[in-house]
Amino acid sequence: MSRMSLSRRQTLLGLAGSLGELSMPLTSRAQNAGTPVKLITSWYAQAEFGGFYQALAKGYYAQEGLNVTIEAASPQMNVPQLLAAGRADFITGYDFQLLSAVASGIPLVAVASTFQHDQQGLMTHAGVKDLSQLRDHPILIAASSHATFWPWLKNRFGYREEQARPYSFNL
């Protein structure tokens, strides 16, 4: 299959995914019916994955001849690697995961975008009134943020790379 050619299965799952998202292991009611498709989400259960589960619960995948299994990822899972290894047919992920994979020669293709804007936020301890006050403090940064807003923060507020600590999504 070429990069620009999508199968019926990919197109349908991508369209269903654009409705929204949620995440925990579920399998369609028709266990033995339809083409098997496995989706691994990029994180634990949360509202952004609701559309995938709603489509499963309403039987939309089965109506199109798909037997969909949805599995939630955990913080240390490398979901793009699982896709590249054939352990999933589709994943949810982040823009820089796809760009890094393609730059490394891994043949992954984006089929849908479910967000127009990926909001980011910063939380601090009480008493911090301005981002410039964090100049000499450790800052937990997600891996994807190193290519998005972290360079801007360093430039704007004088932060240093030594301040950055890995954010494991565990508050």
# chains A, B, ... in the order shown; residues from 1 in each chain; ligands from 1
>>> select_by_dssp(residues="region 39-121 of chain A", states="alpha helix (DSSP H)", output="ChimeraX atom specification")
/A:50-58,60-63,79-84,95-103
>>> write_last_selection(atoms="N, CA and C atoms", output="PDB file, in the first residue's frame")
ATOM      1  N   GLY A  50     -13.493   9.101  23.624  1.00  0.00           N
ATOM      2  CA  GLY A  50     -14.891   8.687  23.717  1.00  0.00           C
ATOM      3  C   GLY A  50     -15.531   8.269  22.407  1.00  0.00           C
ATOM      4  N   GLY A  51     -15.192   8.922  21.323  1.00  0.00           N
ATOM      5  CA  GLY A  51     -15.803   8.594  20.034  1.00  0.00           C
ATOM      6  C   GLY A  51     -15.507   7.182  19.572  1.00  0.00           C
ATOM      7  N   PHE A  52     -14.287   6.710  19.850  1.00  0.00           N
ATOM      8  CA  PHE A  52     -13.939   5.336  19.480  1.00  0.00           C
ATOM      9  C   PHE A  52     -14.823   4.341  20.225  1.00  0.00           C
ATOM     10  N   TYR A  53     -15.007   4.580  21.526  1.00  0.00           N
ATOM     11  CA  TYR A  53     -15.814   3.680  22.342  1.00  0.00           C
ATOM     12  C   TYR A  53     -17.294   3.809  22.047  1.00  0.00           C
ATOM     13  N   GLN A  54     -17.750   5.008  21.752  1.00  0.00           N
ATOM     14  CA  GLN A  54     -19.150   5.198  21.391  1.00  0.00           C
ATOM     15  C   GLN A  54     -19.465   4.451  20.100  1.00  0.00           C
ATOM     16  N   ALA A  55     -18.591   4.535  19.122  1.00  0.00           N
ATOM     17  CA  ALA A  55     -18.794   3.809  17.863  1.00  0.00           C
ATOM     18  C   ALA A  55     -18.834   2.307  18.109  1.00  0.00           C
ATOM     19  N   LEU A  56     -17.998   1.829  19.029  1.00  0.00           N
ATOM     20  CA  LEU A  56     -17.991   0.408  19.374  1.00  0.00           C
ATOM     21  C   LEU A  56     -19.296   0.019  20.066  1.00  0.00           C
ATOM     22  N   ALA A  57     -19.712   0.821  21.057  1.00  0.00           N
ATOM     23  CA  ALA A  57     -20.932   0.528  21.810  1.00  0.00           C
ATOM     24  C   ALA A  57     -22.180   0.590  20.933  1.00  0.00           C
ATOM     25  N   LYS A  58     -22.214   1.500  19.993  1.00  0.00           N
ATOM     26  CA  LYS A  58     -23.371   1.646  19.104  1.00  0.00           C
ATOM     27  C   LYS A  58     -23.369   0.638  17.959  1.00  0.00           C
ATOM     28  N   TYR A  60     -21.333   0.652  15.315  1.00  0.00           N
ATOM     29  CA  TYR A  60     -20.997   1.251  14.019  1.00  0.00           C
ATOM     30  C   TYR A  60     -19.888   0.496  13.294  1.00  0.00           C
ATOM     31  N   TYR A  61     -18.895   0.042  14.037  1.00  0.00           N
ATOM     32  CA  TYR A  61     -17.812  -0.717  13.404  1.00  0.00           C
ATOM     33  C   TYR A  61     -18.363  -2.024  12.828  1.00  0.00           C
ATOM     34  N   ALA A  62     -19.155  -2.734  13.630  1.00  0.00           N
ATOM     35  CA  ALA A  62     -19.724  -4.013  13.184  1.00  0.00           C
ATOM     36  C   ALA A  62     -20.601  -3.823  11.948  1.00  0.00           C
ATOM     37  N   GLN A  63     -21.344  -2.724  11.896  1.00  0.00           N
ATOM     38  CA  GLN A  63     -22.186  -2.436  10.730  1.00  0.00           C
ATOM     39  C   GLN A  63     -21.359  -2.317   9.455  1.00  0.00           C
ATOM     40  N   VAL A  79       3.736   3.368  21.832  1.00  0.00           N
ATOM     41  CA  VAL A  79       2.628   2.999  20.952  1.00  0.00           C
ATOM     42  C   VAL A  79       3.023   3.023  19.473  1.00  0.00           C
ATOM     43  N   PRO A  80       3.774   4.023  18.984  1.00  0.00           N
ATOM     44  CA  PRO A  80       4.195   3.967  17.580  1.00  0.00           C
ATOM     45  C   PRO A  80       5.040   2.728  17.273  1.00  0.00           C
ATOM     46  N   GLN A  81       5.844   2.299  18.223  1.00  0.00           N
ATOM     47  CA  GLN A  81       6.654   1.092  18.026  1.00  0.00           C
ATOM     48  C   GLN A  81       5.757  -0.140  17.916  1.00  0.00           C
ATOM     49  N   LEU A  82       4.696  -0.193  18.719  1.00  0.00           N
ATOM     50  CA  LEU A  82       3.752  -1.313  18.636  1.00  0.00           C
ATOM     51  C   LEU A  82       3.064  -1.342  17.272  1.00  0.00           C
ATOM     52  N   LEU A  83       2.720  -0.171  16.752  1.00  0.00           N
ATOM     53  CA  LEU A  83       2.115  -0.096  15.420  1.00  0.00           C
ATOM     54  C   LEU A  83       3.096  -0.582  14.360  1.00  0.00           C
ATOM     55  N   ALA A  84       4.321  -0.084  14.416  1.00  0.00           N
ATOM     56  CA  ALA A  84       5.332  -0.473  13.426  1.00  0.00           C
ATOM     57  C   ALA A  84       5.626  -1.968  13.480  1.00  0.00           C
ATOM     58  N   ASP A  95       1.618  14.487  17.064  1.00  0.00           N
ATOM     59  CA  ASP A  95       2.234  14.900  15.808  1.00  0.00           C
ATOM     60  C   ASP A  95       3.730  14.613  15.761  1.00  0.00           C
ATOM     61  N   PHE A  96       4.446  14.900  16.833  1.00  0.00           N
ATOM     62  CA  PHE A  96       5.889  14.711  16.793  1.00  0.00           C
ATOM     63  C   PHE A  96       6.288  13.236  16.850  1.00  0.00           C
ATOM     64  N   GLN A  97       5.412  12.371  17.377  1.00  0.00           N
ATOM     65  CA  GLN A  97       5.688  10.937  17.294  1.00  0.00           C
ATOM     66  C   GLN A  97       5.704  10.503  15.838  1.00  0.00           C
ATOM     67  N   LEU A  98       4.725  10.948  15.083  1.00  0.00           N
ATOM     68  CA  LEU A  98       4.649  10.589  13.666  1.00  0.00           C
ATOM     69  C   LEU A  98       5.820  11.172  12.894  1.00  0.00           C
ATOM     70  N   LEU A  99       6.115  12.443  13.122  1.00  0.00           N
ATOM     71  CA  LEU A  99       7.222  13.078  12.406  1.00  0.00           C
ATOM     72  C   LEU A  99       8.553  12.396  12.718  1.00  0.00           C
ATOM     73  N   SER A 100       8.779  12.040  13.973  1.00  0.00           N
ATOM     74  CA  SER A 100      10.019  11.349  14.354  1.00  0.00           C
ATOM     75  C   SER A 100      10.103   9.977  13.702  1.00  0.00           C
ATOM     76  N   ALA A 101       8.977   9.258  13.686  1.00  0.00           N
ATOM     77  CA  ALA A 101       8.968   7.929  13.079  1.00  0.00           C
ATOM     78  C   ALA A 101       9.292   8.010  11.591  1.00  0.00           C
ATOM     79  N   VAL A 102       8.631   8.913  10.891  1.00  0.00           N
ATOM     80  CA  VAL A 102       8.859   9.056   9.452  1.00  0.00           C
ATOM     81  C   VAL A 102      10.297   9.493   9.182  1.00  0.00           C
ATOM     82  N   ALA A 103      10.817  10.417   9.992  1.00  0.00           N
ATOM     83  CA  ALA A 103      12.204  10.870   9.827  1.00  0.00           C
ATOM     84  C   ALA A 103      13.196   9.733  10.048  1.00  0.00           C
TER      85      ALA A 103
END
>>> atom_distance(atom1="CA of Asp89 (chain A)", atom2="CA of Ser168 (chain A)")
25.7 Å
>>> closest_residue(among="A:Ala45, A:Gly93, A:Val37, A:Glu162", to="Thr114 (chain A)", atoms="only C-alpha atoms")
A:Gly93
>>> residues_around(residues="Ala147 (chain A)", least_positions_apart="2", cutoff="12 Å", atoms="only C-alpha atoms", output="PyMOL selection string")
chain A and resi 94-97+99-100+141-145+149-154
>>> write_last_selection(atoms="N, CA and C atoms", output="PDB file, in the first residue's frame")
ATOM      1  N   TYR A  94       0.710  11.516  18.852  1.00  0.00           N
ATOM      2  CA  TYR A  94       0.993  12.943  18.785  1.00  0.00           C
ATOM      3  C   TYR A  94       1.757  13.266  17.513  1.00  0.00           C
ATOM      4  N   ASP A  95       1.618  14.487  17.064  1.00  0.00           N
ATOM      5  CA  ASP A  95       2.234  14.900  15.808  1.00  0.00           C
ATOM      6  C   ASP A  95       3.730  14.613  15.761  1.00  0.00           C
ATOM      7  N   PHE A  96       4.446  14.900  16.833  1.00  0.00           N
ATOM      8  CA  PHE A  96       5.889  14.711  16.793  1.00  0.00           C
ATOM      9  C   PHE A  96       6.288  13.236  16.850  1.00  0.00           C
ATOM     10  N   GLN A  97       5.412  12.371  17.377  1.00  0.00           N
ATOM     11  CA  GLN A  97       5.688  10.937  17.294  1.00  0.00           C
ATOM     12  C   GLN A  97       5.704  10.503  15.838  1.00  0.00           C
ATOM     13  N   LEU A  99       6.115  12.443  13.122  1.00  0.00           N
ATOM     14  CA  LEU A  99       7.222  13.078  12.406  1.00  0.00           C
ATOM     15  C   LEU A  99       8.553  12.396  12.718  1.00  0.00           C
ATOM     16  N   SER A 100       8.779  12.040  13.973  1.00  0.00           N
ATOM     17  CA  SER A 100      10.019  11.349  14.354  1.00  0.00           C
ATOM     18  C   SER A 100      10.103   9.977  13.702  1.00  0.00           C
ATOM     19  N   ILE A 141       8.690  18.392  32.043  1.00  0.00           N
ATOM     20  CA  ILE A 141       8.313  18.619  30.646  1.00  0.00           C
ATOM     21  C   ILE A 141       8.099  17.271  29.954  1.00  0.00           C
ATOM     22  N   ALA A 142       6.955  17.122  29.294  1.00  0.00           N
ATOM     23  CA  ALA A 142       6.695  15.915  28.502  1.00  0.00           C
ATOM     24  C   ALA A 142       7.646  15.886  27.307  1.00  0.00           C
ATOM     25  N   ALA A 143       7.964  14.705  26.847  1.00  0.00           N
ATOM     26  CA  ALA A 143       8.899  14.553  25.724  1.00  0.00           C
ATOM     27  C   ALA A 143       8.456  15.360  24.506  1.00  0.00           C
ATOM     28  N   SER A 144       7.164  15.350  24.203  1.00  0.00           N
ATOM     29  CA  SER A 144       6.682  16.087  23.032  1.00  0.00           C
ATOM     30  C   SER A 144       6.822  17.596  23.201  1.00  0.00           C
ATOM     31  N   SER A 145       6.852  18.080  24.427  1.00  0.00           N
ATOM     32  CA  SER A 145       6.962  19.521  24.681  1.00  0.00           C
ATOM     33  C   SER A 145       8.346  20.069  24.369  1.00  0.00           C
ATOM     34  N   PHE A 149       6.521  23.888  23.025  1.00  0.00           N
ATOM     35  CA  PHE A 149       6.601  25.138  23.771  1.00  0.00           C
ATOM     36  C   PHE A 149       7.842  25.298  24.642  1.00  0.00           C
ATOM     37  N   TRP A 150       8.579  24.226  24.930  1.00  0.00           N
ATOM     38  CA  TRP A 150       9.782  24.349  25.756  1.00  0.00           C
ATOM     39  C   TRP A 150      10.825  25.282  25.135  1.00  0.00           C
ATOM     40  N   PRO A 151      11.130  25.217  23.843  1.00  0.00           N
ATOM     41  CA  PRO A 151      12.083  26.180  23.266  1.00  0.00           C
ATOM     42  C   PRO A 151      11.622  27.635  23.438  1.00  0.00           C
ATOM     43  N   TRP A 152      10.329  27.872  23.315  1.00  0.00           N
ATOM     44  CA  TRP A 152       9.803  29.222  23.511  1.00  0.00           C
ATOM     45  C   TRP A 152       9.989  29.669  24.955  1.00  0.00           C
ATOM     46  N   LEU A 153       9.672  28.781  25.920  1.00  0.00           N
ATOM     47  CA  LEU A 153       9.854  29.129  27.337  1.00  0.00           C
ATOM     48  C   LEU A 153      11.309  29.468  27.644  1.00  0.00           C
ATOM     49  N   LYS A 154      12.228  28.671  27.095  1.00  0.00           N
ATOM     50  CA  LYS A 154      13.653  28.942  27.332  1.00  0.00           C
ATOM     51  C   LYS A 154      14.032  30.315  26.782  1.00  0.00           C
TER      52      LYS A 154
END
>>> residues_around(residues="Thr124 (chain A)", least_positions_apart="2", cutoff="12 Å", atoms="only C-alpha atoms", output="PyMOL selection string")
chain A and resi 121-122+126-134+137-140+171
>>> atom_distance(atom1="CA of Ser74 (chain A)", atom2="CA of Tyr44 (chain A)")
6.4 Å
>>> closest_residue(among="A:Tyr159, A:Trp43, A:Glu48, A:Ile70", to="Asp118 (chain A)", atoms="only C-alpha atoms")
A:Glu48
